[in-house]
Every structure is written in C-alpha cells, then in structure tokens.
file protein.txt (compact mmCIF, C-alpha atoms)
# COMPACT_ATOMS: atom_id res chain seq x y z
CA MET W 1 -14.35 -30.14 8.30
CA GLY W 2 -12.66 -28.99 5.11
CA LYS W 3 -10.00 -30.94 3.27
CA ILE W 4 -6.51 -30.42 4.72
CA GLU W 5 -4.06 -28.33 2.74
CA GLY W 6 -0.50 -28.97 1.54
CA SER W 7 0.99 -31.04 -1.25
CA VAL W 8 1.82 -34.10 0.86
CA GLU W 9 -1.53 -33.99 2.66
CA GLU W 10 -3.30 -33.52 -0.66
CA ASP W 11 -1.53 -36.58 -2.11
CA ILE W 12 -2.55 -38.65 0.93
CA PHE W 13 -6.14 -37.50 0.66
CA GLN W 14 -6.24 -38.31 -3.05
CA LEU W 15 -4.80 -41.77 -2.42
CA LEU W 16 -7.44 -42.52 0.21
CA PHE W 17 -10.28 -41.04 -1.83
CA THR W 18 -9.37 -43.07 -4.93
CA GLU W 19 -9.03 -46.33 -2.99
CA LEU W 20 -12.40 -45.83 -1.28
CA GLN W 21 -14.06 -45.08 -4.61
CA GLN W 22 -12.63 -48.24 -6.16
CA ASN W 23 -13.24 -50.60 -3.24
CA THR W 24 -16.64 -49.50 -1.92
CA ARG W 25 -20.10 -48.73 -3.27
CA SER W 26 -20.36 -45.50 -1.32
CA SER W 27 -21.13 -42.15 -2.90
CA ASP W 28 -18.28 -39.82 -3.84
CA GLN W 29 -19.37 -37.48 -1.06
CA LYS W 30 -19.11 -40.18 1.63
CA CYS W 31 -15.77 -41.37 0.25
CA ARG W 32 -14.52 -37.80 0.33
CA GLU W 33 -15.66 -37.25 3.92
CA VAL W 34 -14.07 -40.47 5.20
CA ALA W 35 -10.84 -39.88 3.25
CA ASP W 36 -10.71 -36.36 4.67
CA ARG W 37 -11.07 -37.61 8.26
CA ILE W 38 -8.44 -40.33 7.86
CA ALA W 39 -5.99 -37.92 6.23
CA ALA W 40 -6.56 -35.35 8.98
CA GLU W 41 -5.98 -37.96 11.69
CA VAL W 42 -2.74 -39.14 10.08
CA ASN W 43 -1.59 -35.55 9.69
CA ARG W 44 -2.26 -34.86 13.38
CA ILE W 45 -0.39 -37.99 14.49
CA CYS W 46 2.65 -37.15 12.39
CA GLN W 47 2.70 -33.60 13.72
CA GLU W 48 2.41 -34.62 17.36
CA SER W 49 4.64 -37.72 17.42
CA GLN W 50 8.18 -36.90 18.49
CA ARG W 51 9.30 -40.35 17.39
CA ILE W 52 8.05 -39.80 13.84
CA LYS W 53 9.62 -36.35 13.66
CA ALA W 54 12.94 -37.69 14.92
CA SER W 55 12.93 -40.48 12.33
CA GLY W 56 13.30 -38.00 9.47
CA GLU W 57 10.83 -40.09 7.47
CA GLU W 58 7.61 -38.23 8.14
CA GLU W 59 6.34 -38.59 4.58
CA LYS W 60 6.89 -42.35 4.65
CA TRP W 61 5.03 -42.54 7.96
CA ARG W 62 2.08 -40.61 6.51
CA VAL W 63 1.72 -43.11 3.69
CA THR W 64 2.14 -46.12 5.98
CA LEU W 65 -0.40 -44.90 8.56
CA SER W 66 -2.87 -43.89 5.85
CA ARG W 67 -2.73 -47.29 4.18
CA HIS W 68 -3.05 -49.03 7.55
CA ARG W 69 -6.21 -47.10 8.44
CA LEU W 70 -7.59 -47.58 4.95
CA GLN W 71 -7.11 -51.35 5.14
CA GLN W 72 -8.74 -51.49 8.58
CA CYS W 73 -11.75 -49.60 7.28
CA LEU W 74 -12.08 -51.82 4.20
CA PHE W 75 -11.61 -54.90 6.38
CA TYR W 76 -14.81 -54.11 8.29
CA TYR W 77 -16.56 -52.84 5.16
CA ASN W 78 -16.10 -56.20 3.43
CA PHE W 79 -17.72 -57.99 6.37
CA GLY W 80 -20.90 -55.94 6.01
CA ALA W 81 -22.80 -54.12 8.73
CA ARG W 82 -23.82 -57.15 10.78
CA GLY W 83 -20.72 -59.22 10.06
CA GLY W 84 -18.47 -56.30 10.92
CA ARG W 85 -20.11 -55.90 14.30
CA VAL W 86 -19.70 -59.60 14.99
CA GLU W 87 -16.01 -59.42 14.05
CA LEU W 88 -15.35 -56.36 16.20
CA HIS W 89 -17.31 -57.77 19.13
CA SER W 90 -15.40 -61.05 18.91
CA THR W 91 -12.04 -59.26 18.79
CA LEU W 92 -12.76 -57.09 21.81
CA SER W 93 -14.39 -59.95 23.74
CA ALA W 94 -11.26 -62.06 23.31
CA MET W 95 -9.12 -59.17 24.59
CA VAL W 96 -11.08 -58.74 27.82
CA TYR W 97 -12.23 -62.30 28.50
CA ARG W 98 -9.75 -63.08 31.30
CA TYR W 99 -10.02 -59.61 32.84
CA ILE W 100 -13.77 -59.14 33.05
CA THR W 101 -14.59 -61.38 36.03
CA PRO W 102 -13.54 -60.39 39.57
CA PRO W 103 -11.06 -62.88 41.10
CA GLN W 104 -13.40 -63.87 43.96
CA ILE W 105 -16.17 -65.03 41.63
CA GLN W 106 -16.20 -68.44 40.01
CA SER W 107 -18.48 -67.43 37.13
CA SER W 108 -19.84 -69.77 34.53
CA TYR W 109 -18.90 -69.26 30.91
CA GLN W 110 -22.33 -67.81 30.09
CA ALA W 111 -22.27 -65.49 33.12
CA ARG W 112 -18.94 -64.12 31.97
CA LEU W 113 -20.31 -63.55 28.46
CA ASN W 114 -23.18 -61.57 29.95
CA LEU W 115 -20.73 -59.35 31.82
CA ILE W 116 -18.64 -58.86 28.68
CA GLU W 117 -21.78 -57.88 26.77
CA ASP W 118 -22.68 -55.24 29.37
CA PHE W 119 -19.14 -53.93 29.49
CA LEU W 120 -18.73 -53.63 25.71
CA GLN W 121 -22.06 -51.85 25.28
CA GLY W 122 -20.70 -49.09 27.50
CA PHE W 123 -17.34 -49.11 25.74
CA TYR W 124 -18.96 -48.69 22.32
CA VAL W 125 -20.67 -45.52 23.55
CA GLU W 126 -17.36 -44.22 24.93
CA SER W 127 -15.65 -45.01 21.63
CA LEU W 128 -18.32 -43.20 19.61
CA ASN W 129 -17.92 -40.11 21.77
CA ALA W 130 -14.13 -40.28 21.33
CA PHE W 131 -14.56 -40.66 17.57
CA ARG W 132 -16.81 -37.61 17.42
CA ARG W 133 -14.36 -35.61 19.50
CA GLU W 134 -11.19 -36.55 17.64
CA ALA W 135 -12.76 -36.23 14.17
CA GLN W 136 -14.30 -32.89 15.20
CA LEU W 137 -17.81 -34.12 14.42
CA GLU W 138 -21.07 -32.93 15.91
CA GLY W 139 -22.11 -34.48 19.20
CA THR W 140 -25.13 -36.05 17.52
CA PHE W 141 -23.17 -37.76 14.73
CA SER W 142 -23.90 -41.47 14.21
CA PRO W 143 -22.78 -43.71 11.32
CA THR W 144 -25.56 -43.88 8.71
CA THR W 145 -23.84 -45.81 5.90
CA LEU W 146 -21.80 -48.99 5.78
CA LEU W 147 -18.65 -47.00 5.03
CA GLU W 148 -19.14 -44.68 8.02
CA LEU W 149 -19.93 -47.67 10.23
CA SER W 150 -16.76 -49.41 9.03
CA GLU W 151 -14.73 -46.27 9.74
CA TYR W 152 -16.17 -46.14 13.27
CA MET W 153 -15.53 -49.85 13.92
CA ALA W 154 -11.92 -49.54 12.71
CA PHE W 155 -11.48 -46.54 15.02
CA THR W 156 -13.01 -48.49 17.92
CA GLU W 157 -10.50 -51.32 17.50
CA ARG W 158 -7.60 -48.85 17.44
CA TYR W 159 -9.05 -46.93 20.38
CA ALA W 160 -9.37 -50.16 22.38
CA LYS W 161 -5.71 -51.05 21.71
CA ARG W 162 -4.23 -47.67 22.64
CA ARG W 163 -1.40 -47.99 25.14
CA ILE W 164 -1.91 -45.97 28.30
CA PRO W 165 1.26 -45.07 30.28
CA LEU W 166 1.36 -46.39 33.85
CA SER W 167 3.73 -45.92 36.74
CA GLY W 168 7.09 -47.65 36.64
CA GLY W 169 7.45 -47.21 32.89
CA ARG W 170 4.71 -49.73 32.23
CA SER W 171 1.72 -49.36 29.88
CA GLN W 172 -1.56 -51.15 29.26
CA GLN W 173 -4.19 -51.18 26.53
CA LEU W 174 -7.10 -48.85 27.15
CA LEU W 175 -9.71 -51.61 26.79
CA ILE W 176 -7.99 -53.75 29.42
CA LEU W 177 -7.90 -50.87 31.90
CA ARG W 178 -11.61 -50.22 31.32
CA ALA W 179 -12.39 -53.93 31.77
CA GLN W 180 -10.47 -54.12 35.04
CA THR W 181 -12.30 -51.09 36.40
CA PHE W 182 -15.63 -52.55 35.29
CA SER W 183 -14.91 -55.88 37.01
CA GLN W 184 -14.02 -54.20 40.29
CA GLN W 185 -17.44 -52.53 40.30
CA GLN W 186 -19.38 -55.79 39.94
CA PRO W 187 -21.28 -57.22 42.94
CA PRO W 188 -19.81 -60.36 44.60
CA GLU W 189 -22.87 -62.43 43.66
CA THR W 190 -24.81 -62.34 40.42
CA THR W 191 -26.91 -65.50 40.55
CA VAL W 192 -30.66 -64.90 40.51
CA ASP W 193 -33.57 -67.17 41.39
CA MET W 194 -35.69 -66.92 38.25
CA GLU W 195 -38.91 -67.85 40.03
CA GLN W 196 -38.43 -64.92 42.41
CA ALA W 197 -37.32 -62.70 39.56
CA ALA W 198 -40.54 -63.45 37.73
CA GLU W 199 -42.44 -62.16 40.76
CA GLY W 200 -45.07 -64.82 40.68
CA SER W 201 -45.17 -65.53 36.93
CA SER W 202 -45.69 -69.21 36.13
CA LEU W 203 -42.78 -71.22 34.80
CA ASP W 204 -42.35 -74.97 34.63
CA SER W 205 -39.80 -76.15 37.18
CA ASP W 206 -37.87 -78.00 34.49
CA GLN W 207 -38.14 -75.17 31.93
CA THR W 208 -34.93 -73.30 31.18
CA TRP W 209 -34.17 -70.47 28.82
CA ASN W 210 -30.94 -69.44 27.16
CA ASP W 211 -29.34 -66.08 26.42
CA SER W 212 -28.71 -66.97 22.77
CA SER W 213 -32.44 -66.66 22.12
CA VAL W 214 -32.99 -63.37 23.92
CA GLN W 215 -29.73 -61.94 22.59
CA GLN W 216 -31.00 -61.97 19.00
CA VAL W 217 -34.07 -59.98 20.01
CA ARG W 218 -31.98 -57.50 22.02
CA ASN W 219 -29.46 -57.02 19.22
CA ALA W 220 -32.13 -56.43 16.61
CA MET W 221 -33.93 -53.91 18.82
CA VAL W 222 -30.90 -51.64 18.98
CA ASP W 223 -29.89 -52.18 15.33
CA ARG W 224 -29.56 -48.83 13.59
CA ASP W 225 -29.24 -50.20 10.03
CA LEU W 226 -32.69 -51.60 9.44
CA GLU W 227 -34.69 -51.07 6.26
CA PRO W 228 -37.70 -48.71 6.52
CA GLY W 229 -40.20 -51.58 6.64
CA ASP W 230 -38.15 -53.38 9.27
CA ASP W 231 -37.98 -50.19 11.31
CA SER W 232 -41.78 -49.94 11.37
CA LEU W 233 -42.05 -53.54 12.53
CA ARG W 234 -39.30 -52.90 15.07
CA GLU W 235 -41.31 -50.02 16.53
CA THR W 236 -44.37 -52.26 16.75
CA VAL W 237 -42.39 -54.91 18.64
CA ILE W 238 -40.99 -52.31 21.03
CA LYS W 239 -44.47 -50.92 21.77
CA GLU W 240 -45.82 -54.43 22.30
CA VAL W 241 -42.98 -55.31 24.69
CA LEU W 242 -43.56 -52.13 26.72
CA ALA W 243 -47.30 -52.82 26.88
CA TYR W 244 -46.60 -56.43 27.90
CA LEU W 245 -44.33 -55.30 30.75
CA GLN W 246 -46.71 -52.60 31.97
CA GLU W 247 -49.70 -54.95 31.93
CA ARG W 248 -47.79 -57.23 34.28
CA GLY W 249 -46.77 -54.45 36.65
CA GLN W 250 -43.14 -54.56 35.49
CA ASN W 251 -42.73 -50.80 35.12
CA ASP W 252 -39.12 -50.91 36.33
CA CYS W 253 -38.35 -53.44 33.59
CA ALA W 254 -40.01 -51.12 31.07
CA ASP W 255 -37.82 -48.23 32.25
CA TYR W 256 -34.72 -50.43 32.02
CA PHE W 257 -35.73 -51.52 28.51
CA ILE W 258 -36.10 -47.91 27.32
CA LEU W 259 -32.64 -47.03 28.63
CA ARG W 260 -31.06 -50.09 27.01
CA LEU W 261 -32.59 -49.12 23.67
CA GLN W 262 -30.61 -45.88 23.94
CA ASP W 263 -27.37 -47.89 24.29
CA LEU W 264 -26.54 -46.16 27.56
CA PRO W 265 -23.60 -47.60 29.53
CA THR W 266 -24.42 -49.64 32.62
CA ASN W 267 -23.24 -47.02 35.11
CA GLU W 268 -25.50 -44.37 33.58
CA ILE W 269 -28.50 -46.71 33.69
CA GLU W 270 -27.82 -47.37 37.38
CA GLU W 271 -27.55 -43.65 38.08
CA ILE W 272 -30.77 -42.80 36.22
CA LEU W 273 -32.75 -45.60 37.87
CA GLY W 274 -31.16 -45.00 41.27
CA VAL W 275 -30.11 -48.62 41.77
CA THR W 276 -26.96 -50.40 42.90
CA PRO W 277 -25.01 -52.72 40.56
CA ARG W 278 -26.57 -55.74 42.31
CA GLN W 279 -30.08 -54.32 41.98
CA ARG W 280 -29.43 -53.53 38.32
CA ASP W 281 -28.23 -57.09 37.73
CA TYR W 282 -31.40 -58.45 39.37
CA LEU W 283 -33.52 -56.11 37.25
CA GLN W 284 -31.65 -57.15 34.11
CA GLN W 285 -32.26 -60.83 34.79
CA ARG W 286 -35.95 -60.18 35.42
CA PHE W 287 -36.22 -58.19 32.19
CA LYS W 288 -34.53 -61.01 30.24
CA TYR W 289 -37.02 -63.47 31.67
CA HIS W 290 -40.01 -61.42 30.53
CA LEU W 291 -38.45 -60.69 27.14
CA ILE W 292 -37.95 -64.36 26.38
CA ARG W 293 -41.53 -65.12 27.47
CA PHE W 294 -42.75 -62.39 25.14
CA ALA W 295 -40.60 -63.59 22.23
CA LEU W 296 -41.35 -67.29 22.49
CA SER W 297 -44.85 -67.31 23.92
CA HIS W 298 -46.91 -64.12 24.15
CA ARG W 299 -46.25 -62.68 20.66
CA TRP W 300 -44.03 -65.25 19.04
CA GLU W 301 -45.62 -64.73 15.58
CA LEU W 302 -44.79 -61.00 15.59
CA VAL W 303 -41.24 -61.47 16.82
CA HIS W 304 -40.46 -64.27 14.39
CA GLU W 305 -41.88 -62.30 11.47
CA TRP W 306 -39.71 -59.34 12.45
CA LEU W 307 -36.59 -61.51 12.66
CA GLU W 308 -37.50 -63.24 9.38
CA ALA W 309 -37.68 -66.52 11.27
CA ASP W 310 -41.38 -67.34 11.00
CA LEU W 311 -42.84 -70.71 10.05
CA GLU W 312 -42.89 -69.80 6.36
CA ARG W 313 -39.11 -69.41 6.58
CA ASN W 314 -38.60 -72.63 8.54
CA LEU W 315 -38.06 -70.68 11.78
CA GLY W 316 -35.00 -69.03 10.22
CA LEU W 317 -33.11 -72.32 9.85
CA THR W 318 -31.11 -73.33 6.79
CA PRO W 319 -32.47 -76.35 4.87
CA GLU W 320 -29.88 -78.57 6.52
CA ARG W 321 -30.64 -77.28 10.02
CA TRP W 322 -34.38 -77.43 9.37
CA GLN W 323 -34.09 -81.10 8.48
CA GLN W 324 -31.89 -81.66 11.54
CA PHE W 325 -34.49 -79.92 13.70
CA GLN W 326 -37.37 -82.02 12.36
CA ASP W 327 -35.39 -85.24 12.76
CA SER W 328 -34.85 -84.41 16.44
CA LEU W 329 -38.60 -84.19 17.14
CA GLU W 330 -40.77 -86.94 18.49
CA ASP W 331 -44.08 -87.81 16.81
CA PRO W 332 -46.29 -85.57 19.03
CA GLN W 333 -43.92 -82.66 18.44
CA ARG W 334 -43.96 -83.20 14.68
CA LYS W 335 -47.73 -83.22 14.74
CA LEU W 336 -47.78 -80.00 16.75
CA LEU W 337 -45.39 -78.38 14.28
CA ARG W 338 -47.46 -79.52 11.31
CA LEU W 339 -50.67 -78.15 12.84
CA LYS W 340 -48.97 -74.82 13.55
CA GLN W 341 -47.79 -74.67 9.95
CA GLN W 342 -51.38 -75.22 8.84
CA GLY W 343 -52.50 -72.27 10.95
CA ALA W 344 -54.60 -74.27 13.39
CA LYS W 345 -55.77 -72.55 16.56
CA ASP W 346 -54.41 -73.66 19.92
CA SER W 347 -57.88 -74.78 21.01
CA ASP W 348 -58.21 -77.03 17.96
CA ILE W 349 -54.69 -78.36 18.43
CA ALA W 350 -55.47 -79.18 22.06
CA LYS W 351 -58.43 -81.32 20.99
CA LEU W 352 -56.41 -83.16 18.37
CA LEU W 353 -53.50 -83.78 20.74
CA GLU W 354 -55.86 -84.57 23.63
CA CYS W 355 -54.35 -82.04 26.00
CA THR W 356 -55.12 -78.57 27.38
CA VAL W 357 -54.49 -75.27 25.60
CA ASN W 358 -51.96 -74.40 28.27
CA GLN W 359 -50.04 -77.60 27.55
CA VAL W 360 -50.07 -76.82 23.82
CA GLN W 361 -48.55 -73.41 24.50
CA LYS W 362 -45.87 -74.84 26.79
CA ARG W 363 -44.92 -77.51 24.23
CA TRP W 364 -44.76 -74.91 21.47
CA PHE W 365 -42.57 -72.71 23.67
CA ARG W 366 -40.10 -75.57 24.01
CA LEU W 367 -40.11 -76.20 20.26
CA LEU W 368 -39.42 -72.55 19.47
CA GLU W 369 -36.66 -72.44 22.07
CA ALA W 370 -35.00 -75.50 20.58
CA ALA W 371 -35.24 -74.02 17.08
CA TRP W 372 -33.76 -70.71 18.21
CA HIS W 373 -30.93 -72.47 19.98
CA LEU W 374 -30.12 -74.41 16.81
CA ARG W 375 -30.41 -71.27 14.71
CA ASN W 376 -27.98 -69.34 16.91
CA GLU W 377 -25.36 -72.05 16.61
CA ARG W 378 -24.67 -71.03 13.02
CA ASP W 379 -22.01 -68.51 12.06
CA SER W 380 -23.86 -65.19 12.09
CA GLY W 381 -21.21 -63.58 9.93
CA ASN W 382 -21.82 -65.79 6.90
CA ASN W 383 -24.80 -63.83 5.69
CA ALA W 384 -23.55 -60.36 6.48
CA SER W 385 -25.15 -57.57 4.57
CA THR W 386 -23.06 -55.32 2.37
CA ASP W 387 -25.81 -52.77 1.83
CA GLU W 388 -25.14 -49.12 2.40

call {"tool": "encode", "arguments": {"input": "protein.txt", "output": "structure tokens"}}
result
Amino acid sequence: MGKIEGSVEEDIFQLLFTELQQNTRSSDQKCREVADRIAAEVNRICQESQRIKASGEEEKWRVTLSRHRLQQCLFYYNFGARGGRVELHSTLSAMVYRYITPPQIQSSYQARLNLIEDFLQGFYVESLNAFRREAQLEGTFSPTTLLELSEYMAFTERYAKRRIPLSGGRSQQLLILRAQTFSQQQPPETTVDMEQAAEGSSLDSDQTWNDSSVQQVRNAMVDRDLEPGDDSLRETVIKEVLAYLQERGQNDCADYFILRLQDLPTNEIEEILGVTPRQRDYLQQRFKYHLIRFALSHRWELVHEWLEADLERNLGLTPERWQQFQDSLEDPQRKLLRLKQQGAKDSDIAKLLECTVNQVQKRWFRLLEAAWHLRNERDSGNNASTDE
C-alpha cells in the first residue's frame, strides 16, 4: 500500500515516521510501513466519521488519533515481544473474566482461566484477520518484527474495545459480545477424571499436576519469535511429542496438538475433528495430561534445555528462588537433586537411595513440578525481550 497523498496526510505520516525512527530500533522500511498504515487508518476514520466532520476540527482529530495510535504501539513495543503479549493477554483477560463462565456453572478459578485461554486464542486469530483486512494486507501476513507485533497488539486492544450498537440504543464492547457467545456454547460440565482421561496410564493417586507448568510448554510451542537455534530445538520437541503420543495410541491427541500449533480457534478445531464442545474439552484435558508427563518425565532434559530451564541454569529459577527451592527440600530430595546435577543414571541413583528406578523417576517428577510451579510464580514480564 503506497503512502497516502495530501499535505495534511503527508504531515501526519512524517510525524509518525519520525517518532518511530527515534523511539524504536526498527529499520527505516519497517517504520515507513507502520507509519503508512497508521496514517491511512486515521485518514479513513476522519473521512467516515460524521461526528468528526461535524466538529469542524478534522485536522486536530487527525493529529490526536495519530498520536494515540502511536503511543499505543510504542507502549507494547517497550514491553518487548513476550512482555507485550503478557500485557495484552492480562488486559483482555480482565475484560472478559466475569463474562466467560456460563451462569449455571460454579467453576473454579483455574477452570475459568482455562476457558479464557481457549477463548482468547480464537479471538487473536479473529483480530489478526481483521487487521489484515482493514490494513489491506495479504491474507498470509503475520508480524515478523517487534514493531509489527506491537502494531498488531495495539490494534487487537482497540479492536476488542470497539463499541457494537445494540437494540434500544445500547452498545457493548466487541470482546464482551464474543465472550458471551463463547460462554453460551460451553458444555454444562467440564470436570474430567484424569485417570480415565489417561486411558490406563499410570499415575500416583496423590499426584497432581498444574496448568502453570504445561502452559509454559504450550506457549513456547506456538511462539513465532524464536531465534533460529531455538526454532530447530522447538521442531525437535514437537516431533518428540507427536512420536510420544502416537506410541501410546493417542492419535486423536496428536491431531489436536497439530491443530493447536496452528492457533486455530476452538470452534474450527471441533469442526475439523468432528467433535462436540464436551468431547473437545475431554480431549484437551487428556492432551494436557500427556504433555505434562512428557515435559516432566519422559523427555524432561530436552524440554528444560529448550526452555532454558535445565539443571545448569538452576531449573530456570533466579538465585533467590533457587535458594528458596533448595531450602524447601528434605534431605533425600536434596541428595536426589545433587545426584541429578552430577549426571548420575537413574539406576545408580536408585541403588544409592535404596529404592527402585520407578520411585526415583516419580520423586524427580515431583521435584521438577515443584520447581516449575515456583518458576511460574515470578513476573514473566520482567525479562521481556526487546529484540526485533
């Protein structure tokens, strides 16, 4: 899309272009493209808004809207790729929190967070399609730099807050309407017996797992802003997960996993797999179970290396949290951790701890789960990347 014409439009474009050059590390070409899209959007709004035309201050409105969109874009840019996503996700989650659960369900806090996660994944896809359409971009366009990602996230927040006219002179934000529709489509029961979901897989009766652990793996798997080396390791993890699922006869979980990697909305996944919302929820819970077993037991070394949370990096914990983690361990657990750090085999560890190999693996699973839980308590936005 070429740069818009006209003296006022040209001044707006130049203002945006200069500010982006001065406040980001993006190339001139990317700054020019983003400034062009923002200027074009502002120009369209001012041309179509009867209220702005009637005000007689169209030029003032152009400057105000341009600066507002610029500041939104820079707001997310300064958070970095990961931090920006956390900020946007938190903002939208807070908007829909009280709308996302059907009235007849007394959901737990974590169950509601799971529903919000599913809902927002679909909304992000809708927002990207709307962004492509309104910016007149190709249907395959995806943000490839931090600046483009920030532009998209700023658009998504505005898109979510758009007021949609309703009957009786009322209006509602678009995101709220989408959340209400999503909630009405949810099944009346979402609880799942994990033993049945595992379809015969062994699991200690007192063993529990938490979504904070599996969420980090899921988020990283669909991350589009990985370095080349990380991308290669990501592909290895994905192949290993698929092989793990197929070896255990979980082909439906493998199919679900592939569709989730494509960031497809929930309704599309259900349509492709030919399942009902309740069946999809059951499948999702079963997939989460196998994913956490893979991440904390089957190939924990590979997953932790990929997430830069291996033993050499103190399981991804800060020095303070690492000390807190070690202080919480009992003597047998400290010995197990020390032997793992020394690279001892499970069979050798079993002899030294006077237990079976299976018991060693179960104890190590619990240690990793505790470490991951502690790690996910920290503010994930503190170490946000600012790389392009």

call {"tool": "closest_residue", "arguments": {"input": "protein.txt", "among": "W:Leu329, W:Ala54, W:Tyr159, W:Gln341", "to": "W:Arg363", "atoms": "all atoms listed in the file"}}
result
W:Leu329

call {"tool": "atom_distance", "arguments": {"input": "protein.txt", "atom1": "atom CA of W:Glu87", "atom2": "atom CA of W:Tyr256"}}
result
27.5 Å

call {"tool": "residues_around", "arguments": {"input": "protein.txt", "residues": "stretch 244-252 of chain W", "least_positions_apart": "3", "cutoff": "8 Å", "atoms": "only C-alpha atoms", "output": "list in words"}}
result
Glu240, Val241, Asp255, Tyr256, Leu283, His290 and Phe294 of chain W

call {"tool": "atom_distance", "arguments": {"input": "protein.txt", "atom1": "atom CA of W:Ile238", "atom2": "atom CA of W:Ser127"}}
result
26.4 Å

call {"tool": "closest_residue", "arguments": {"input": "protein.txt", "among": "W:Arg51, W:His89, W:Arg366, W:Arg82", "to": "W:Ile292", "atoms": "only C-alpha atoms"}}
result
W:Arg366

call {"tool": "closest_residue", "arguments": {"input": "protein.txt", "among": "W:Asn358, W:Gln172, W:Ser167, W:Thr266", "to": "W:Phe123", "atoms": "only C-alpha atoms"}}
result
W:Thr266

call {"tool": "atom_distance", "arguments": {"input": "protein.txt", "atom1": "atom CA of W:Ala370", "atom2": "atom CA of W:Asp346"}}
result
19.5 Å

call {"tool": "closest_residue", "arguments": {"input": "protein.txt", "among": "W:Leu336, W:Gly122, W:Asn23, W:Phe365", "to": "W:Leu353", "atoms": "only C-alpha atoms"}}
result
W:Leu336

call {"tool": "residues_around", "arguments": {"input": "protein.txt", "residues": "W:Cys31", "least_positions_apart": "4", "cutoff": "9 Å", "atoms": "only C-alpha atoms", "output": "PyMOL selection string"}}
result
chain W and resi 16-21+24+26-27+35-36+147

call {"tool": "residues_around", "arguments": {"input": "protein.txt", "residues": "W:Leu15", "least_positions_apart": "4", "cutoff": "12 Å", "atoms": "all atoms listed in the file", "output": "MDAnalysis selection string"}}
result
chainID W and resid 8:11 19:22 31:32 35:36 38:39 62:64 66:67 70

call {"tool": "residues_around", "arguments": {"input": "protein.txt", "residues": "W:Ala350", "least_positions_apart": "4", "cutoff": "12 Å", "atoms": "all atoms listed in the file", "output": "tab-separated table (two decimals) with C-alpha atoms, in the frame of the given file"}}
result
chain	number	residue	atom	x	y	z
W	332	PRO	CA	-46.29	-85.57	19.03
W	335	LYS	CA	-47.73	-83.22	14.74
W	336	LEU	CA	-47.78	-80.00	16.75
W	339	LEU	CA	-50.67	-78.15	12.84
W	340	LYS	CA	-48.97	-74.82	13.55
W	344	ALA	CA	-54.60	-74.27	13.39
W	345	LYS	CA	-55.77	-72.55	16.56
W	346	ASP	CA	-54.41	-73.66	19.92
W	354	GLU	CA	-55.86	-84.57	23.63
W	355	CYS	CA	-54.35	-82.04	26.00
W	356	THR	CA	-55.12	-78.57	27.38
W	357	VAL	CA	-54.49	-75.27	25.60
W	358	ASN	CA	-51.96	-74.40	28.27
W	359	GLN	CA	-50.04	-77.60	27.55
W	360	VAL	CA	-50.07	-76.82	23.82
W	361	GLN	CA	-48.55	-73.41	24.50
W	362	LYS	CA	-45.87	-74.84	26.79
W	363	ARG	CA	-44.92	-77.51	24.23
W	364	TRP	CA	-44.76	-74.91	21.47

call {"tool": "closest_residue", "arguments": {"input": "protein.txt", "among": "W:Ala81, W:Arg293, W:Leu367, W:Thr181", "to": "W:Arg334", "atoms": "only C-alpha atoms"}}
result
W:Leu367

call {"tool": "closest_residue", "arguments": {"input": "protein.txt", "among": "W:Leu317, W:Ala254, W:Val275, W:Ala154", "to": "W:Leu92", "atoms": "only C-alpha atoms"}}
result
W:Ala154

call {"tool": "decode", "arguments": {"input": "protein.txt", "residues": "stretch 52-57 of chain W", "atoms": "all heavy atoms", "output": "tab-separated table (two decimals), in the first residue's frame"}}
result
chain	number	residue	atom	x	y	z
W	52	ILE	N	-16.76	13.63	13.57
W	52	ILE	CA	-15.52	14.39	13.35
W	52	ILE	C	-15.74	15.46	12.28
W	52	ILE	O	-15.29	16.61	12.42
W	52	ILE	CB	-14.37	13.44	12.93
W	52	ILE	CG1	-13.97	12.56	14.12
W	52	ILE	CG2	-13.17	14.22	12.42
W	52	ILE	CD1	-12.88	11.56	13.81
W	53	LYS	N	-16.45	15.11	11.23
W	53	LYS	CA	-16.72	16.08	10.18
W	53	LYS	C	-17.54	17.25	10.71
W	53	LYS	O	-17.31	18.42	10.38
W	53	LYS	CB	-17.45	15.41	9.02
W	53	LYS	CG	-16.58	14.49	8.18
W	53	LYS	CD	-17.38	13.92	7.02
W	53	LYS	CE	-16.51	13.06	6.13
W	53	LYS	NZ	-17.27	12.49	4.98
W	54	ALA	N	-18.53	16.93	11.55
W	54	ALA	CA	-19.40	17.98	12.09
W	54	ALA	C	-18.67	18.88	13.08
W	54	ALA	O	-19.09	20.03	13.31
W	54	ALA	CB	-20.61	17.35	12.76
W	55	SER	N	-17.59	18.38	13.67
W	55	SER	CA	-16.86	19.18	14.66
W	55	SER	C	-16.12	20.36	14.04
W	55	SER	O	-15.82	21.33	14.73
W	55	SER	CB	-15.87	18.29	15.41
W	55	SER	OG	-14.79	17.92	14.55
W	56	GLY	N	-15.82	20.26	12.75
W	56	GLY	CA	-15.06	21.32	12.10
W	56	GLY	C	-13.60	21.33	12.50
W	56	GLY	O	-12.87	22.28	12.20
W	57	GLU	N	-13.15	20.30	13.19
W	57	GLU	CA	-11.76	20.23	13.64
W	57	GLU	C	-11.12	18.94	13.15
W	57	GLU	O	-10.47	18.21	13.91
W	57	GLU	CB	-11.69	20.31	15.17
W	57	GLU	CG	-12.26	21.59	15.74
W	57	GLU	CD	-12.18	21.64	17.25
W	57	GLU	OE1	-12.25	20.55	17.87
W	57	GLU	OE2	-12.01	22.73	17.81
